[in-house]
Amino acid sequence: MGLFNLFKKSEPYNDPVFGLVDLDPAGFWMGQVEFQGQDVQVLIPGDKSNPSPAARELFQELTSRFIDIRPGITEILFEQYSNYRENTDPEDDPDFPLLDSQEEIWKHTTLDAVNITDSVRQEFELSYSMDWHEDHSFDIQISQWQVECIALNG
């Protein structure tokens with residue numbers, strides 16, 4: 001094996017679940033996939049030849065179990081929104097939405113990415129953007145089908 005083979009870019013892989021994915025320099029497979037009716041970026045662990053079968057299974061389980069974790073996601077996103085609302089002066093930001101219920105958060109939220117971090121321990125992140133907060137994404141960390149925490153990214 002020559003020195004230049006270390007830097008050779010991997011060929012795209014046509015995965016049966018994720019479609020066409022590319023291996024990034026960190027060793028994760030990246031692609032676009034439909035999830036909950038929208039196209040989202042997906043980041044999947046695997047080896048140099050293809051995404052992990054366990055990651056495929058976890059993603060497929062997520063598509064069917066999302067309805068079960070959605071209330072916890074709604075709660076934590078609305079909590080984040082409420083914190084911003086308390087510190088936002090309507091005169092300074094007249095476009096900031098005034099929501100009355102947790103479910104209204106979904107009118108202002110977009111799922112941008114699904115990151116399978118550890119398929120064996122059933123850990124993943126869902127990265128959301130908010131139309132009222134364009135500077136950051138909100139990464140919700142989920143483990144064993146429980147919403148663990150939210151992290152600001154960006």
# chains A, B, ... in the order shown; residues from 1 in each chain; ligands from 1

$ select_by_dssp --residues "chain A" --states "strand (DSSP E)" --output "ChimeraX atom specification"
/A:13-15,19-23,28-35,38-45,109-118,123-130,133-143,146-153

$ residues_around --residues "Tyr13 in chain A" --least-positions-apart "5" --cutoff "9 Å" --atoms "only C-alpha atoms" --output "PDB file with C-alpha atoms, in the first residue's frame"
ATOM      1  CA  GLY A  19     -29.330   5.903  -0.408  1.00  0.00           C
ATOM      2  CA  LEU A  20     -26.142   7.427  -1.770  1.00  0.00           C
ATOM      3  CA  VAL A  21     -23.737   8.245   1.075  1.00  0.00           C
ATOM      4  CA  ASP A  22     -20.147   9.482   1.223  1.00  0.00           C
ATOM      5  CA  LEU A  23     -17.502   8.695   3.831  1.00  0.00           C
ATOM      6  CA  TRP A  29     -21.083   8.181   6.285  1.00  0.00           C
ATOM      7  CA  SER A  49     -16.805  -0.099   3.076  1.00  0.00           C
ATOM      8  CA  ASN A  50     -20.320   0.849   4.216  1.00  0.00           C
ATOM      9  CA  PRO A  51     -22.555   2.135   7.034  1.00  0.00           C
TER      10      PRO A  51
END

$ select_by_dssp --residues "chain A" --states "alpha helix (DSSP H)" --output "NGL selection string"
:A and (53-86)

$ write_last_selection --atoms "N, CA and C atoms" --output "short mmCIF file (atom, residue, chain, number, x, y, z; two decimals), in the first residue's frame"
data_model
loop_
_atom_site.label_atom_id
_atom_site.label_comp_id
_atom_site.auth_asym_id
_atom_site.auth_seq_id
_atom_site.Cartn_x
_atom_site.Cartn_y
_atom_site.Cartn_z
N PRO A 53 -24.57 -1.95 9.90
CA PRO A 53 -25.91 -2.55 9.89
C PRO A 53 -26.72 -2.15 11.14
N ALA A 54 -26.05 -2.04 12.29
CA ALA A 54 -26.75 -1.64 13.52
C ALA A 54 -27.27 -0.21 13.40
N ALA A 55 -26.53 0.67 12.72
CA ALA A 55 -26.99 2.04 12.51
C ALA A 55 -28.21 2.07 11.60
N ARG A 56 -28.21 1.21 10.58
CA ARG A 56 -29.39 1.10 9.70
C ARG A 56 -30.61 0.70 10.52
N GLU A 57 -30.43 -0.33 11.35
CA GLU A 57 -31.56 -0.81 12.16
C GLU A 57 -32.05 0.27 13.11
N LEU A 58 -31.12 1.01 13.74
CA LEU A 58 -31.53 2.07 14.67
C LEU A 58 -32.29 3.17 13.92
N PHE A 59 -31.81 3.55 12.75
CA PHE A 59 -32.51 4.57 11.98
C PHE A 59 -33.91 4.09 11.59
N GLN A 60 -34.02 2.86 11.15
CA GLN A 60 -35.35 2.33 10.79
C GLN A 60 -36.26 2.28 12.02
N GLU A 61 -35.70 1.94 13.16
CA GLU A 61 -36.50 1.94 14.38
C GLU A 61 -36.92 3.36 14.74
N LEU A 62 -36.01 4.31 14.54
CA LEU A 62 -36.34 5.71 14.81
C LEU A 62 -37.52 6.18 13.96
N THR A 63 -37.55 5.78 12.71
CA THR A 63 -38.66 6.20 11.84
C THR A 63 -40.00 5.70 12.37
N SER A 64 -40.00 4.53 12.97
CA SER A 64 -41.27 4.00 13.49
C SER A 64 -41.55 4.44 14.93
N ARG A 65 -40.51 4.78 15.69
CA ARG A 65 -40.71 5.16 17.09
C ARG A 65 -40.66 6.66 17.34
N PHE A 66 -40.48 7.45 16.29
CA PHE A 66 -40.39 8.89 16.48
C PHE A 66 -41.62 9.43 17.21
N ILE A 67 -42.78 8.90 16.89
CA ILE A 67 -44.02 9.33 17.53
C ILE A 67 -43.95 9.19 19.06
N ASP A 68 -43.18 8.20 19.53
CA ASP A 68 -43.05 7.96 20.98
C ASP A 68 -42.16 8.99 21.66
N ILE A 69 -41.14 9.49 20.96
CA ILE A 69 -40.22 10.44 21.57
C ILE A 69 -40.57 11.89 21.24
N ARG A 70 -41.50 12.08 20.32
CA ARG A 70 -41.87 13.44 19.91
C ARG A 70 -42.35 14.30 21.08
N PRO A 71 -43.15 13.80 22.03
CA PRO A 71 -43.57 14.66 23.15
C PRO A 71 -42.38 15.18 23.98
N GLY A 72 -41.38 14.35 24.20
CA GLY A 72 -40.19 14.81 24.94
C GLY A 72 -39.41 15.84 24.15
N ILE A 73 -39.35 15.68 22.83
CA ILE A 73 -38.68 16.64 21.97
C ILE A 73 -39.45 17.96 21.98
N THR A 74 -40.76 17.87 21.87
CA THR A 74 -41.61 19.07 21.90
C THR A 74 -41.37 19.85 23.19
N GLU A 75 -41.36 19.13 24.30
CA GLU A 75 -41.18 19.77 25.61
C GLU A 75 -39.84 20.49 25.72
N ILE A 76 -38.77 19.83 25.31
CA ILE A 76 -37.45 20.44 25.46
C ILE A 76 -37.24 21.60 24.48
N LEU A 77 -37.80 21.50 23.26
CA LEU A 77 -37.71 22.62 22.32
C LEU A 77 -38.52 23.81 22.83
N PHE A 78 -39.70 23.55 23.38
CA PHE A 78 -40.53 24.64 23.89
C PHE A 78 -39.87 25.28 25.11
N GLU A 79 -39.23 24.49 25.93
CA GLU A 79 -38.51 25.02 27.09
C GLU A 79 -37.40 25.98 26.62
N GLN A 80 -36.68 25.58 25.58
CA GLN A 80 -35.63 26.43 25.02
C GLN A 80 -36.24 27.72 24.47
N TYR A 81 -37.34 27.59 23.74
CA TYR A 81 -38.06 28.75 23.22
C TYR A 81 -38.49 29.68 24.36
N SER A 82 -39.04 29.11 25.42
CA SER A 82 -39.53 29.91 26.56
C SER A 82 -38.39 30.69 27.20
N ASN A 83 -37.22 30.08 27.30
CA ASN A 83 -36.07 30.79 27.85
C ASN A 83 -35.71 32.00 27.00
N TYR A 84 -35.75 31.83 25.68
CA TYR A 84 -35.48 32.96 24.79
C TYR A 84 -36.58 34.00 24.88
N ARG A 85 -37.81 33.54 24.99
CA ARG A 85 -38.94 34.48 25.05
C ARG A 85 -38.84 35.39 26.27
N GLU A 86 -38.43 34.81 27.40
CA GLU A 86 -38.28 35.59 28.63
C GLU A 86 -37.23 36.69 28.48
#

$ residues_around --residues "Leu43 in chain A" --least-positions-apart "6" --cutoff "7 Å" --atoms "only C-alpha atoms" --output "list in words"
Phe28, Trp29, Met30, Gly31, Val114, Asn115 and Ile116 of chain A

$ write_last_selection --atoms "C-alpha atoms" --output "PDB file, in the first residue's frame"
ATOM      1  CA  PHE A  28     -18.853   8.702   9.301  1.00  0.00           C
ATOM      2  CA  TRP A  29     -21.083   8.181   6.285  1.00  0.00           C
ATOM      3  CA  MET A  30     -23.064  11.262   5.232  1.00  0.00           C
ATOM      4  CA  GLY A  31     -26.066  11.593   2.981  1.00  0.00           C
ATOM      5  CA  VAL A 114     -30.057  12.879  12.215  1.00  0.00           C
ATOM      6  CA  ASN A 115     -26.724  11.826  13.675  1.00  0.00           C
ATOM      7  CA  ILE A 116     -26.448   8.195  14.806  1.00  0.00           C
TER       8      ILE A 116
END

$ closest_residue --among "A:Ser127, A:Asp24, A:Pro12, A:Pro97" --to "Gln41 in chain A" --atoms "only C-alpha atoms"
A:Ser127

$ closest_residue --among "A:Phe124, A:Glu11, A:Gln36, A:Asp131" --to "Asp95 in chain A" --atoms "only C-alpha atoms"
A:Asp131
